[in-house]
Structure formats: structure tokens, C-alpha cells
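Raw contents of input05.txt, compact mmCIF, C-alpha atoms:
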# COMPACT_ATOMS: atom_id res chain seq x y z
CA MET A 1 -145.33 18.56 -38.65
CA THR A 2 -143.26 16.04 -40.54
CA LEU A 3 -143.09 18.31 -43.49
CA ARG A 4 -142.07 21.22 -41.37
CA SER A 5 -139.24 19.40 -39.63
CA SER A 6 -137.82 18.15 -42.90
CA ALA A 7 -137.94 21.72 -44.19
CA ASP A 8 -136.07 22.85 -41.06
CA ALA A 9 -133.54 20.09 -41.52
CA ALA A 10 -133.03 21.12 -45.17
CA GLY A 11 -132.58 24.74 -44.06
CA ALA A 12 -130.03 23.79 -41.45
CA ALA A 13 -128.13 21.66 -43.94
CA ALA A 14 -128.07 24.53 -46.45
CA ALA A 15 -126.76 26.90 -43.78
CA THR A 16 -124.04 24.43 -42.89
CA VAL A 17 -122.98 24.07 -46.52
CA LEU A 18 -122.96 27.85 -46.98
CA THR A 19 -120.89 28.37 -43.84
CA ALA A 20 -118.46 25.67 -44.92
CA ALA A 21 -118.19 27.26 -48.37
CA LEU A 22 -117.51 30.68 -46.88
CA LEU A 23 -114.92 29.19 -44.56
CA LEU A 24 -113.28 27.42 -47.47
CA CYS A 25 -113.21 30.65 -49.42
CA SER A 26 -111.54 32.62 -46.68
CA ASP A 27 -109.16 29.73 -46.07
CA ALA A 28 -108.28 29.82 -49.75
CA ARG A 29 -107.63 33.55 -49.61
CA ALA A 30 -105.43 33.17 -46.58
CA ALA A 31 -103.61 30.33 -48.29
CA ASP A 32 -103.10 32.48 -51.41
CA ALA A 33 -101.73 35.36 -49.40
CA ALA A 34 -99.34 33.01 -47.68
CA ALA A 35 -98.36 31.57 -51.05
CA ALA A 36 -97.16 34.94 -52.38
CA THR A 37 -93.43 34.64 -52.77
CA HIS A 38 -91.23 37.30 -51.29
CA TYR A 39 -88.47 38.30 -53.70
CA VAL A 40 -85.41 40.40 -52.99
CA LEU A 41 -83.03 42.01 -55.44
CA ASP A 42 -79.83 40.48 -56.71
CA PRO A 43 -78.06 43.85 -57.21
CA ALA A 44 -75.08 42.41 -59.08
CA LYS A 45 -77.34 41.10 -61.84
CA SER A 46 -79.86 43.89 -62.02
CA SER A 47 -79.93 47.20 -63.83
CA LEU A 48 -82.01 50.32 -63.70
CA GLU A 49 -81.29 52.57 -66.65
CA PHE A 50 -82.65 55.74 -68.12
CA THR A 51 -82.42 57.47 -71.49
CA PHE A 52 -82.85 61.12 -72.23
CA VAL A 53 -82.38 63.55 -75.06
CA GLN A 54 -79.60 66.05 -74.51
CA ALA A 55 -78.62 68.52 -77.19
CA GLY A 56 -80.65 66.60 -79.77
CA ALA A 57 -78.98 63.25 -79.12
CA GLN A 58 -80.01 60.20 -77.08
CA ASN A 59 -78.00 59.79 -73.89
CA LYS A 60 -77.99 56.96 -71.37
CA GLY A 61 -77.56 56.71 -67.65
CA ARG A 62 -78.27 54.39 -64.76
CA PHE A 63 -78.74 54.17 -61.04
CA THR A 64 -76.34 51.78 -59.37
CA ARG A 65 -78.05 51.54 -55.97
CA PHE A 66 -81.71 50.67 -55.50
CA GLN A 67 -83.78 48.28 -53.45
CA VAL A 68 -86.68 46.15 -54.60
CA ALA A 69 -89.22 44.22 -52.57
CA PHE A 70 -91.63 42.15 -54.59
CA GLU A 71 -94.43 40.00 -53.20
CA PHE A 72 -95.80 37.93 -55.98
CA ALA A 73 -98.30 35.14 -56.50
CA ALA A 74 -99.39 34.67 -60.07
CA GLU A 75 -102.65 33.09 -58.86
CA SER A 76 -103.37 35.78 -56.33
CA LEU A 77 -102.46 39.15 -57.76
CA ALA A 78 -104.43 40.83 -54.98
CA ALA A 79 -101.74 39.67 -52.59
CA SER A 80 -98.94 40.92 -54.84
CA ARG A 81 -97.09 44.18 -54.38
CA LEU A 82 -93.97 45.91 -55.58
CA ASP A 83 -91.82 48.44 -53.80
CA VAL A 84 -88.77 50.11 -55.34
CA THR A 85 -86.50 52.65 -53.66
CA VAL A 86 -83.80 54.35 -55.69
CA ASP A 87 -80.76 56.01 -54.16
CA ILE A 88 -80.58 59.12 -56.34
CA ASN A 89 -76.99 59.78 -55.28
CA SER A 90 -75.99 56.69 -57.22
CA VAL A 91 -76.91 58.37 -60.52
CA ASP A 92 -74.39 57.59 -63.23
CA SER A 93 -74.94 59.38 -66.52
CA GLY A 94 -71.49 58.43 -67.75
CA ASP A 95 -70.05 61.83 -66.93
CA GLU A 96 -69.06 62.92 -63.43
CA GLU A 97 -69.61 66.59 -64.09
CA ARG A 98 -73.06 65.90 -65.43
CA ASP A 99 -73.82 63.63 -62.45
CA GLU A 100 -72.93 66.49 -60.10
CA THR A 101 -75.26 68.76 -62.04
CA LEU A 102 -78.00 66.13 -61.82
CA ARG A 103 -77.55 65.90 -58.04
CA GLY A 104 -77.74 69.68 -57.72
CA GLY A 105 -80.62 71.75 -56.39
CA ASP A 106 -82.13 72.58 -59.78
CA LEU A 107 -82.42 68.94 -60.82
CA PHE A 108 -82.72 66.01 -58.37
CA ALA A 109 -81.78 68.07 -55.28
CA VAL A 110 -80.39 64.94 -53.59
CA ALA A 111 -79.45 66.78 -50.42
CA LYS A 112 -83.14 67.30 -49.77
CA PHE A 113 -84.59 64.33 -51.67
CA PRO A 114 -82.08 61.48 -51.53
CA GLN A 115 -84.52 58.82 -52.69
CA ALA A 116 -87.11 58.16 -55.33
CA HIS A 117 -89.81 55.67 -54.45
CA PHE A 118 -92.33 53.58 -56.33
CA ALA A 119 -94.92 51.74 -54.26
CA ALA A 120 -97.43 49.56 -56.08
CA SER A 121 -100.08 47.76 -54.10
CA GLN A 122 -101.91 46.63 -57.19
CA ILE A 123 -100.56 44.28 -59.82
CA ASN A 124 -102.71 43.68 -62.89
CA ARG A 125 -102.38 41.10 -65.58
CA THR A 126 -102.14 42.60 -69.08
CA ALA A 127 -102.10 41.18 -72.58
CA SER A 128 -98.32 41.09 -72.60
CA GLY A 129 -97.53 40.52 -68.92
CA TYR A 130 -98.29 42.59 -65.87
CA GLU A 131 -98.51 46.15 -64.75
CA ALA A 132 -97.79 47.61 -61.37
CA VAL A 133 -100.14 50.40 -60.39
CA GLY A 134 -99.04 52.69 -57.64
CA LYS A 135 -97.46 55.94 -56.59
CA LEU A 136 -94.18 57.26 -57.87
CA THR A 137 -92.35 59.85 -55.80
CA ILE A 138 -89.40 61.78 -57.21
CA ARG A 139 -87.98 64.95 -55.69
CA GLY A 140 -90.77 64.94 -53.13
CA VAL A 141 -93.53 64.99 -55.74
CA THR A 142 -95.93 62.05 -55.97
CA HIS A 143 -98.01 61.01 -58.95
CA ASP A 144 -99.94 57.91 -59.91
CA ALA A 145 -97.90 55.66 -62.14
CA ARG A 146 -98.42 52.45 -64.07
CA VAL A 147 -95.35 50.42 -64.87
CA PRO A 148 -95.71 47.52 -67.29
CA PHE A 149 -93.39 44.59 -66.77
CA ALA A 150 -92.76 41.00 -67.70
CA PHE A 151 -91.97 38.42 -65.05
CA ARG A 152 -90.73 34.91 -65.34
CA THR A 153 -89.49 32.53 -62.72
CA ALA A 154 -86.82 29.89 -62.87
CA THR A 155 -84.93 27.60 -60.58
CA GLU A 156 -81.19 28.11 -60.64
CA ASN A 157 -79.00 25.80 -58.57
CA GLY A 158 -82.01 24.93 -56.48
CA VAL A 159 -82.87 28.56 -55.80
CA ALA A 160 -86.12 30.06 -57.01
CA VAL A 161 -85.41 33.24 -58.92
CA GLY A 162 -87.50 35.73 -60.86
CA TYR A 163 -86.59 37.96 -63.78
CA MET A 164 -88.47 41.21 -64.04
CA THR A 165 -88.02 43.42 -67.08
CA GLY A 166 -89.84 46.43 -68.37
CA LYS A 167 -89.73 49.96 -69.50
CA THR A 168 -91.74 53.05 -69.00
CA SER A 169 -91.29 56.74 -69.34
CA VAL A 170 -91.43 59.60 -66.91
CA ARG A 171 -91.95 63.27 -67.65
CA ARG A 172 -89.25 64.85 -65.52
CA LEU A 173 -91.00 68.19 -65.18
CA ASP A 174 -94.06 66.52 -63.61
CA TYR A 175 -91.77 65.85 -60.66
CA GLY A 176 -89.96 69.17 -60.68
CA VAL A 177 -86.73 67.67 -61.99
CA GLY A 178 -85.70 70.84 -63.76
CA GLN A 179 -85.92 74.17 -62.01
CA GLY A 180 -84.73 77.50 -63.32
CA ASP A 181 -83.48 77.32 -66.87
CA TRP A 182 -83.57 73.49 -66.72
CA ARG A 183 -87.35 73.84 -67.18
CA ALA A 184 -86.61 74.37 -70.85
CA THR A 185 -87.05 71.18 -72.83
CA ASP A 186 -85.39 72.19 -76.10
CA GLN A 187 -81.97 70.91 -75.00
CA VAL A 188 -82.87 68.41 -72.28
CA GLY A 189 -86.05 66.57 -73.16
CA ASN A 190 -88.98 66.23 -70.77
CA ASP A 191 -89.52 62.54 -71.51
CA VAL A 192 -87.10 60.25 -69.76
CA GLY A 193 -87.19 56.57 -70.66
CA VAL A 194 -86.73 54.19 -67.76
CA SER A 195 -85.90 50.55 -68.27
CA PHE A 196 -85.13 47.82 -65.81
CA ALA A 197 -83.90 44.25 -65.90
CA LEU A 198 -83.95 42.77 -62.43
CA ARG A 199 -82.89 39.42 -61.08
CA LEU A 200 -84.78 38.60 -57.92
CA THR A 201 -84.30 35.72 -55.55
CA ALA A 202 -87.13 34.12 -53.58
CA HIS A 203 -86.96 34.14 -49.79
CA MET B 1 -69.91 87.81 -111.79
CA SER B 2 -70.18 84.23 -112.98
CA VAL B 3 -70.94 81.29 -110.73
CA ARG B 4 -67.67 79.63 -111.69
CA ASN B 5 -64.18 80.96 -111.05
CA THR B 6 -62.18 82.61 -113.83
CA LYS B 7 -58.44 83.09 -114.09
CA HIS B 8 -58.85 86.53 -112.58
CA ARG B 9 -61.77 86.31 -110.23
CA TRP B 10 -63.46 84.04 -107.71
CA GLY B 11 -66.91 83.04 -108.90
CA ALA B 12 -70.13 83.53 -106.92
CA LEU B 13 -70.15 80.05 -105.39
CA SER B 14 -66.52 80.23 -104.24
CA GLN B 15 -67.25 83.62 -102.69
CA LEU B 16 -70.35 82.30 -101.02
CA PHE B 17 -68.36 79.44 -99.46
CA HIS B 18 -65.62 81.84 -98.34
CA TRP B 19 -67.84 84.43 -96.69
CA LEU B 20 -70.31 81.94 -95.23
CA ILE B 21 -67.44 80.17 -93.50
CA VAL B 22 -66.11 83.54 -92.27
CA VAL B 23 -69.48 84.34 -90.69
CA LEU B 24 -69.79 80.85 -89.18
CA ILE B 25 -66.30 81.05 -87.66
CA ILE B 26 -67.28 84.31 -85.97
CA VAL B 27 -70.44 82.57 -84.70
CA GLN B 28 -68.28 79.69 -83.41
CA VAL B 29 -65.91 81.93 -81.46
CA THR B 30 -68.88 83.80 -79.99
CA LEU B 31 -70.73 80.63 -78.92
CA ALA B 32 -67.60 79.06 -77.45
CA SER B 33 -66.66 82.11 -75.40
CA LEU B 34 -70.22 82.61 -74.16
CA ALA B 35 -70.40 78.95 -73.07
CA ASP B 36 -66.93 79.04 -71.48
CA ASP B 37 -68.02 81.67 -68.96
CA LEU B 38 -71.10 79.75 -67.80
CA PRO B 39 -71.49 77.19 -65.02
CA ALA B 40 -73.31 73.95 -65.90
CA SER B 41 -76.75 75.10 -67.03
CA ALA B 42 -79.31 74.48 -69.71
CA ARG B 43 -78.06 77.63 -71.44
CA LYS B 44 -74.55 76.23 -71.56
CA VAL B 45 -75.85 72.95 -72.99
CA ALA B 46 -77.75 74.95 -75.62
CA LEU B 47 -74.74 77.10 -76.57
CA LEU B 48 -72.46 74.09 -76.89
CA ALA B 49 -75.07 72.18 -78.88
CA ARG B 50 -75.23 75.09 -81.34
CA HIS B 51 -71.43 75.29 -81.39
CA LYS B 52 -71.24 71.60 -82.35
CA SER B 53 -73.97 71.90 -85.00
CA VAL B 54 -72.35 74.96 -86.56
CA GLY B 55 -68.95 73.21 -86.46
CA ILE B 56 -70.35 70.24 -88.35
CA THR B 57 -71.92 72.69 -90.82
CA ILE B 58 -68.50 74.24 -91.43
CA LEU B 59 -67.03 70.77 -91.96
CA MET B 60 -69.71 70.02 -94.59
CA LEU B 61 -69.14 73.39 -96.27
CA VAL B 62 -65.36 72.88 -96.41
CA ILE B 63 -65.81 69.50 -98.07
CA LEU B 64 -68.14 71.05 -100.67
CA ARG B 65 -65.81 74.00 -101.06
CA LEU B 66 -62.81 71.80 -101.80
CA LEU B 67 -64.88 69.76 -104.26
CA TRP B 68 -65.93 72.96 -106.02
CA ARG B 69 -62.36 74.21 -105.98
CA SER B 70 -61.21 70.99 -107.66
CA LEU B 71 -63.80 71.50 -110.42
CA ASN B 72 -62.81 75.12 -111.04
CA LEU B 73 -59.89 77.27 -112.04
CA THR B 74 -58.03 78.85 -109.18
CA PRO B 75 -57.43 82.55 -109.87
CA LEU B 76 -53.74 83.19 -110.42
CA LEU B 77 -51.58 84.86 -107.84
CA PRO B 78 -50.33 88.28 -109.06
CA ASP B 79 -47.09 88.19 -111.08
CA THR B 80 -45.59 90.79 -108.79
CA LEU B 81 -45.21 88.32 -105.89
CA LYS B 82 -41.72 87.35 -104.80
CA PRO B 83 -41.09 83.61 -104.52
CA TYR B 84 -41.25 83.67 -100.70
CA GLU B 85 -44.54 85.59 -100.84
CA ARG B 86 -45.86 83.04 -103.29
CA PHE B 87 -44.83 80.28 -100.91
CA LEU B 88 -46.31 82.10 -97.91
CA ALA B 89 -49.63 82.61 -99.73
CA ARG B 90 -49.86 78.94 -100.68
CA PHE B 91 -48.82 77.84 -97.21
CA THR B 92 -51.37 80.09 -95.48
CA HIS B 93 -54.20 78.89 -97.71
CA ALA B 94 -53.26 75.25 -97.20
CA ALA B 95 -53.03 75.82 -93.42
CA LEU B 96 -56.50 77.41 -93.43
CA TYR B 97 -57.99 74.41 -95.21
CA VAL B 98 -56.24 71.98 -92.86
CA LEU B 99 -57.51 73.92 -89.85
CA LEU B 100 -61.05 74.08 -91.24
CA PHE B 101 -61.00 70.28 -91.14
CA ALA B 102 -59.02 69.92 -87.92
CA MET B 103 -61.21 72.23 -85.85
CA PRO B 104 -64.55 70.45 -86.35
CA LEU B 105 -62.97 67.00 -86.38
CA SER B 106 -61.11 67.57 -83.11
CA GLY B 107 -64.30 69.01 -81.60
CA TRP B 108 -66.39 66.06 -82.78
CA MET B 109 -63.79 63.58 -81.49
CA MET B 110 -63.63 65.46 -78.21
CA SER B 111 -67.38 65.19 -77.76
CA SER B 112 -67.27 61.46 -78.57
CA ALA B 113 -64.41 60.91 -76.11
CA ARG B 114 -66.47 62.69 -73.46
CA GLY B 115 -69.37 60.37 -74.21
CA PHE B 116 -71.66 63.11 -75.54
CA PRO B 117 -73.09 62.18 -78.96
CA VAL B 118 -73.10 65.06 -81.46
CA SER B 119 -76.38 66.00 -83.08
CA TRP B 120 -76.74 68.28 -86.08
CA PHE B 121 -79.36 70.79 -84.90
CA GLY B 122 -81.41 67.88 -83.56
CA PHE B 123 -82.04 66.56 -87.08
CA PHE B 124 -79.67 63.63 -86.88
CA THR B 125 -77.04 62.23 -84.56
CA LEU B 126 -73.53 61.71 -85.85
CA PRO B 127 -71.67 58.49 -85.12
CA ASP B 128 -69.08 58.59 -82.35
CA LEU B 129 -65.60 59.02 -83.81
CA VAL B 130 -63.80 57.49 -80.85
CA ALA B 131 -64.80 55.45 -77.83
CA LYS B 132 -65.36 57.18 -74.52
CA ASN B 133 -62.02 57.90 -72.91
CA LYS B 134 -61.35 60.50 -70.24
CA SER B 135 -57.67 61.18 -70.90
CA LEU B 136 -58.26 61.29 -74.64
CA TYR B 137 -61.01 63.85 -73.98
CA ALA B 138 -58.60 66.01 -71.98
CA ALA B 139 -55.97 65.78 -74.74
CA LEU B 140 -58.52 66.65 -77.42
CA LEU B 141 -59.83 69.59 -75.42
CA THR B 142 -56.30 71.01 -75.31
CA THR B 143 -55.86 70.25 -79.02
CA HIS B 144 -59.15 71.92 -79.96
CA GLU B 145 -58.30 75.05 -77.94
CA THR B 146 -54.74 75.21 -79.26
CA LEU B 147 -55.95 74.82 -82.84
CA ALA B 148 -58.41 77.64 -82.26
CA TRP B 149 -55.51 79.95 -81.36
CA VAL B 150 -53.48 78.71 -84.35
CA LEU B 151 -56.50 79.38 -86.58
CA GLY B 152 -56.72 82.87 -85.09
CA ALA B 153 -53.05 83.48 -85.93
CA VAL B 154 -53.34 82.18 -89.51
CA VAL B 155 -56.55 84.15 -90.11
CA THR B 156 -54.78 87.28 -88.87
CA LEU B 157 -51.98 86.65 -91.33
CA HIS B 158 -54.51 86.00 -94.12
CA VAL B 159 -56.42 89.22 -93.40
CA ALA B 160 -53.21 91.24 -93.05
CA ALA B 161 -52.01 89.92 -96.42
CA ALA B 162 -55.35 90.75 -98.09
CA LEU B 163 -55.21 94.29 -96.72
CA LYS B 164 -51.55 94.69 -97.72
CA HIS B 165 -52.45 93.65 -101.28
CA HIS B 166 -55.35 96.06 -101.37
CA PHE B 167 -53.81 99.14 -99.79
CA MET B 168 -50.08 98.77 -100.45
CA HIS B 169 -49.73 96.69 -103.63
CA ARG B 170 -53.00 98.23 -104.84
CA ASP B 171 -53.81 95.01 -106.74
CA ASP B 172 -57.12 93.14 -107.04
CA VAL B 173 -56.36 90.20 -104.71
CA LEU B 174 -58.96 91.34 -102.17
CA ARG B 175 -61.49 92.69 -104.68
CA ARG B 176 -61.66 89.46 -106.64
CA MET B 177 -63.07 87.78 -103.51
CA LEU B 178 -65.62 90.58 -103.02
CA PRO B 179 -69.02 90.72 -104.71
CA PHE B 180 -70.13 93.94 -106.45
CA THR B 181 -66.60 94.96 -107.40
CA THR B 182 -64.78 95.12 -110.72
CA PRO B 183 -61.53 93.25 -110.63
CA GLY B 184 -58.50 94.54 -112.46
CA PRO B 185 -55.76 96.97 -111.53
CA LYS B 186 -56.87 99.66 -109.12
CA ALA B 187 -57.26 103.06 -110.69
Would you give me this structure, written as C-alpha cells?
Amino acid sequence: MTLRSSADAAGAAAATVLTAALLLCSDARAADAAAATHYVLDPAKSSLEFTFVQAGAQNKGRFTRFQVAFEFAAESLAASRLDVTVDINSVDSGDEERDETLRGGDLFAVAKFPQAHFAASQINRTASGYEAVGKLTIRGVTHDARVPFAFRTATENGVAVGYMTGKTSVRRLDYGVGQGDWRATDQVGNDVGVSFALRLTAH
Amino acid sequence: MSVRNTKHRWGALSQLFHWLIVVLIIVQVTLASLADDLPASARKVALLARHKSVGITILMLVILRLLWRSLNLTPLLPDTLKPYERFLARFTHAALYVLLFAMPLSGWMMSSARGFPVSWFGFFTLPDLVAKNKSLYAALLTTHETLAWVLGAVVTLHVAAALKHHFMHRDDVLRRMLPFTTPGPKA
């Protein structure tokens, strides 16, 4: 009898501890999610550039309008996500005539597909920084994409800021950027390098 | 026919330079006029890329040609030429050399001013000759086109003179620039 009740008491105590532990865990997760910092883009101090081979030579361009939403907690990557929307109309390859061609139906077809979108709901730590794993949509075509990046935070004039830099490459034909004779890759290469240097401010 | 020039005949290498450049100029005119008629397209990019590569090739050949010329005799002009003909011949040849430099250089500068780096058949990219500049590009485009017409005029004069020598003077001025011929007075 005595033995039995002490066993019961021990069982009850164990259950209490377990419940408390579980509660603590879920509290911690909630706290982590809440701790993820929401960053928005500082467009004036950010760049999104691309490089491509045209006629055997490296050429450069950039997009001047894009939005970035970044939820980030270094200690809780599960609660981190990255969302980038690019206004394709803002393409600037350094040549107006070429930009018009790029906006045209055979290339970006901006009239029909004004935006490109990268949505990453998974952020992984890598040997050299992080990588965002998600879906990249260009010209209405979506593929899985992994974008490696480095991220560092700083406090500038009392404001928490983050600097995100990285580069990746995109095969334009995977997304149909190049119809008709633009499918040929001898003059305009298939691989397009994309690099970004973003200044983000915490909100 | 020897490789080097003699007093009376252009050697094999001089002839090779001459005729290779003739062929490449014909290629250039063809590529440029094909590209001119096209809207922005991959084919146009390809034609203009070839045009630039061939133009740079001509520039390299002209440099080598002038070097070779400086290391060789220049066949003498016929004694029968009047002083003004002598002057005209020298002037035409000098103008051709100047234009063979000016054409590719103005084209290369034009591409740089437009902001399009020039590649030689994709093997290497040439440095930009000038910084990107829209109005300079427009001026160079006009220059390049005008020079093309001037080159056309001087080449016409050059060909007309060669034919006049061959058929009217019946001398060996044309034949000494042709392979498989025997120079000397025409029978």
C-alpha cells in the first residue's frame, strides 16, 4: 500500500515534470518565432545586378525596383523566411534599346509577366553563411532554387540594420526567357549571373 | 613567285595580305547590310558580333601588312606615269591604309561608346577604347558609316586604276599583284 502510493506519487511527479518541459519547449518555440526580426529593404543602398555573355563578352545589368521581406532569427532558422519581388520593367542593361528588347515578348514578356518572385520558407546554415531554399518564378515559370547568401547585422545610429550579399546563377532558358531565335545560346549565353548587395533595416 | 617583294612584283605574303583583306572587306559589307535590315534579334546580335570580330581581324592584318611592307621593297610604279598620276597612286594607297585603320578603330570605339564590349570571336574581349557615352556613340556611328562610303569611293578608284593599267596602258601593274601570272610587259 505504502509502496504503491509512493510509486503513484513518483509517477505523478514525472508527468508534471514532462508536461512542464513540453510547455517550456513550446514556449521557447513561440518566443523564437516572436524573436525573428522583420527586415525591410533600404532601396537607396541596395543593388540587384546580373551578368550575361553577349556576343562573346561579359555584359552587366541591374534591376532598379524590387522589394524584399526578410524574417530572420539566427537562433531559429525555422522561423526565418525570405521573399523577393522584382519589377522586371525596371531592367537596366545599360542600353535603352536592349532594355526594350529584354521587355519584349520573346524575352521577359513584361506585359504578361511584370514580376519575378523568389519565395524561400527555408533558410539553412551553410559552411560559409546561409542559403535560402524556395521557389523562383520568372516569366510565369517556377522552379526550385537555392540562393546562398551572407548576412551580418549592425547598429547604425541606433537602428538595427542587416547586410545581405550573395550571388547565384540562373539558366534563362529554364524560365523561357528566350523564345524564337533567342533560344540560341551562342550569342546570348544561357547562364545569367545574379548578385545582390542589400541593406535591410529592422522593423 | 617569292615570298618577299621584288622591284617588279609583289611577293606571296604581300599578295596574301592584299587579297585576304579584299575578301574580308566584302564579308564586312555583307554582314553590315544583312544586320542593318533586321530588327533586334539574336540573328542581328550574331551578325554584328561577326562584323566586329572580322573588323578586328582586318585591323590585325593591316598592322602585319604594314610591318611586312616596311621590311620589303615596294615594287616601283611604271616609268610611264605622269607626275599627277604618280601622286594620285600614292595618295590612293595612303588613303586605303588610313581607312583600313579608321574603319575598325571607329567601329571598336563606337561599340565601346555604346557600352558593348567587343569580343574577338569569343576568344578574348578587347578593352574599351572610350567610356560609355551616348552622343559620342551617335557621332561615331555617323563617322563609321561615312568612312564606309569613303572607302567604297577610294576602292572604286583603286580598282578603276588597276583595270586602266591592265587594259589601256597594257602594263603589269595589275598582274604583279596576281598569283600565277608572269609579270613584265604584256605581249
Could you list, as an NGL selection string, every residue within 8 Å of Ser80 of chain A, counting only C-alpha atoms and ignoring same-chain residues fewer than 4 positions away? :A and (36 or 70-73 or 76 or 121-123)
I need the residue nearest Lys134 of chain B from this list: A:Arg139, A:Ala109, A:Glu97, A:Phe50. Use only C-alpha atoms for the distance.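 Among A:Arg139, A:Ala109, A:Glu97, A:Phe50, it is A:Glu97 that comes nearest to Lys134 of chain B.
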Might you pull out every residue within 7 Å of segment 62-73 of chain B, with all atoms listed in the file counted and same-chain residues fewer than 6 positions away left off, and present them as number ranges by chain? B: 4-7, 17, 100
Any idea which chain A residues end up within 12 Å of chain B if we count all atoms listed in the file, as an mmCIF file with C-alpha atoms, in the frame of the given file please?
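Listed below is the output, result15.cif:
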data_model
loop_
_atom_site.group_PDB
_atom_site.id
_atom_site.type_symbol
_atom_site.label_atom_id
_atom_site.label_comp_id
_atom_site.auth_asym_id
_atom_site.auth_seq_id
_atom_site.Cartn_x
_atom_site.Cartn_y
_atom_site.Cartn_z
ATOM 1 C CA PHE A 52 -82.850 61.120 -72.230
ATOM 2 C CA VAL A 53 -82.380 63.550 -75.060
ATOM 3 C CA GLN A 54 -79.600 66.050 -74.510
ATOM 4 C CA ALA A 55 -78.620 68.520 -77.190
ATOM 5 C CA GLY A 56 -80.650 66.600 -79.770
ATOM 6 C CA ALA A 57 -78.980 63.250 -79.120
ATOM 7 C CA GLN A 58 -80.010 60.200 -77.080
ATOM 8 C CA ASN A 59 -78.000 59.790 -73.890
ATOM 9 C CA LYS A 60 -77.990 56.960 -71.370
ATOM 10 C CA GLY A 61 -77.560 56.710 -67.650
ATOM 11 C CA SER A 93 -74.940 59.380 -66.520
ATOM 12 C CA GLY A 94 -71.490 58.430 -67.750
ATOM 13 C CA ASP A 95 -70.050 61.830 -66.930
ATOM 14 C CA GLU A 96 -69.060 62.920 -63.430
ATOM 15 C CA GLU A 97 -69.610 66.590 -64.090
ATOM 16 C CA ARG A 98 -73.060 65.900 -65.430
ATOM 17 C CA ASP A 99 -73.820 63.630 -62.450
ATOM 18 C CA GLU A 100 -72.930 66.490 -60.100
ATOM 19 C CA THR A 101 -75.260 68.760 -62.040
ATOM 20 C CA LEU A 102 -78.000 66.130 -61.820
ATOM 21 C CA GLY A 104 -77.740 69.680 -57.720
ATOM 22 C CA GLY A 105 -80.620 71.750 -56.390
ATOM 23 C CA ASP A 106 -82.130 72.580 -59.780
ATOM 24 C CA LEU A 107 -82.420 68.940 -60.820
ATOM 25 C CA GLY A 178 -85.700 70.840 -63.760
ATOM 26 C CA GLN A 179 -85.920 74.170 -62.010
ATOM 27 C CA GLY A 180 -84.730 77.500 -63.320
ATOM 28 C CA ASP A 181 -83.480 77.320 -66.870
ATOM 29 C CA TRP A 182 -83.570 73.490 -66.720
ATOM 30 C CA ARG A 183 -87.350 73.840 -67.180
ATOM 31 C CA ALA A 184 -86.610 74.370 -70.850
ATOM 32 C CA THR A 185 -87.050 71.180 -72.830
ATOM 33 C CA ASP A 186 -85.390 72.190 -76.100
ATOM 34 C CA GLN A 187 -81.970 70.910 -75.000
ATOM 35 C CA VAL A 188 -82.870 68.410 -72.280
ATOM 36 C CA GLY A 189 -86.050 66.570 -73.160
#
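Going from atom CA of Ala111 of chain A to atom CA of Val86 of chain A covers 14.2 Å.
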Fewer than 5 positions away in the same chain doesn't count, so skip those; otherwise give me all residues within 10 Å of Thr181 of chain B, counting all atoms listed in the file, as a list in words.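 Neighbouring residues, sequence-local ones excluded: Met1, Asp172, Leu174, Arg175 and Arg176 of chain B.
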Quick one: everything within 10 Å of segment 86-89 of chain B, counting only C-alpha atoms, minus sequence neighbours fewer than 5 positions away in the same chain. Send it as an mmCIF file with C-alpha atoms, keeping the file's coordinate frame.
data_model
loop_
_atom_site.group_PDB
_atom_site.id
_atom_site.type_symbol
_atom_site.label_atom_id
_atom_site.label_comp_id
_atom_site.auth_asym_id
_atom_site.auth_seq_id
_atom_site.Cartn_x
_atom_site.Cartn_y
_atom_site.Cartn_z
ATOM 1 C CA LEU B 77 -51.580 84.860 -107.840
ATOM 2 C CA PRO B 78 -50.330 88.280 -109.060
ATOM 3 C CA ASP B 79 -47.090 88.190 -111.080
ATOM 4 C CA THR B 80 -45.590 90.790 -108.790
ATOM 5 C CA LEU B 81 -45.210 88.320 -105.890
ATOM 6 C CA ALA B 94 -53.260 75.250 -97.200
ATOM 7 C CA ALA B 95 -53.030 75.820 -93.420
ATOM 8 C CA LEU B 157 -51.980 86.650 -91.330
ATOM 9 C CA HIS B 158 -54.510 86.000 -94.120
ATOM 10 C CA ALA B 161 -52.010 89.920 -96.420
#
Could you check how far atom CA of Ser2 of chain B sits from atom CA of Met177 of chain B, in Å to one decimal?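 Taking atom CA of Ser2 of chain B as the start and atom CA of Met177 of chain B as the end point, the length is 12.4 Å.
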For a quick check of understanding, using all atoms listed in the file, which of B:Ile58, B:Ala113, B:Val150, B:Ala162 has the smallest distance to Tyr137 of chain B? B:Ala113
Centre and edge lengths, as JSON, for the axis-aligned box enclosing every listed atom of segment 59-70 of chain A with 4 Å of padding on each of the six sides, in Å to one decimal?
{"center_x": -84.0, "center_y": 51.0, "center_z": -63.2, "size_x": 23.3, "size_y": 25.6, "size_z": 29.3}
Pick from A:Ala127, A:Val194, A:Ile138, A:Val133 nearest to Ile88 of chain A, counting only C-alpha atoms: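 When distances to Ile88 of chain A are compared using only C-alpha atoms, the smallest one comes from A:Ile138.
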Just want the 7 Å neighbourhood of Asn190 of chain A, counted on all atoms listed in the file, with same-chain residues fewer than 5 positions away dropped. Output as an MDAnalysis selection string. chainID A and resid 171:173 185
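The spacing separating atom CA of Lys167 of chain A from atom CA of Ser90 of chain A amounts to 19.6 Å.
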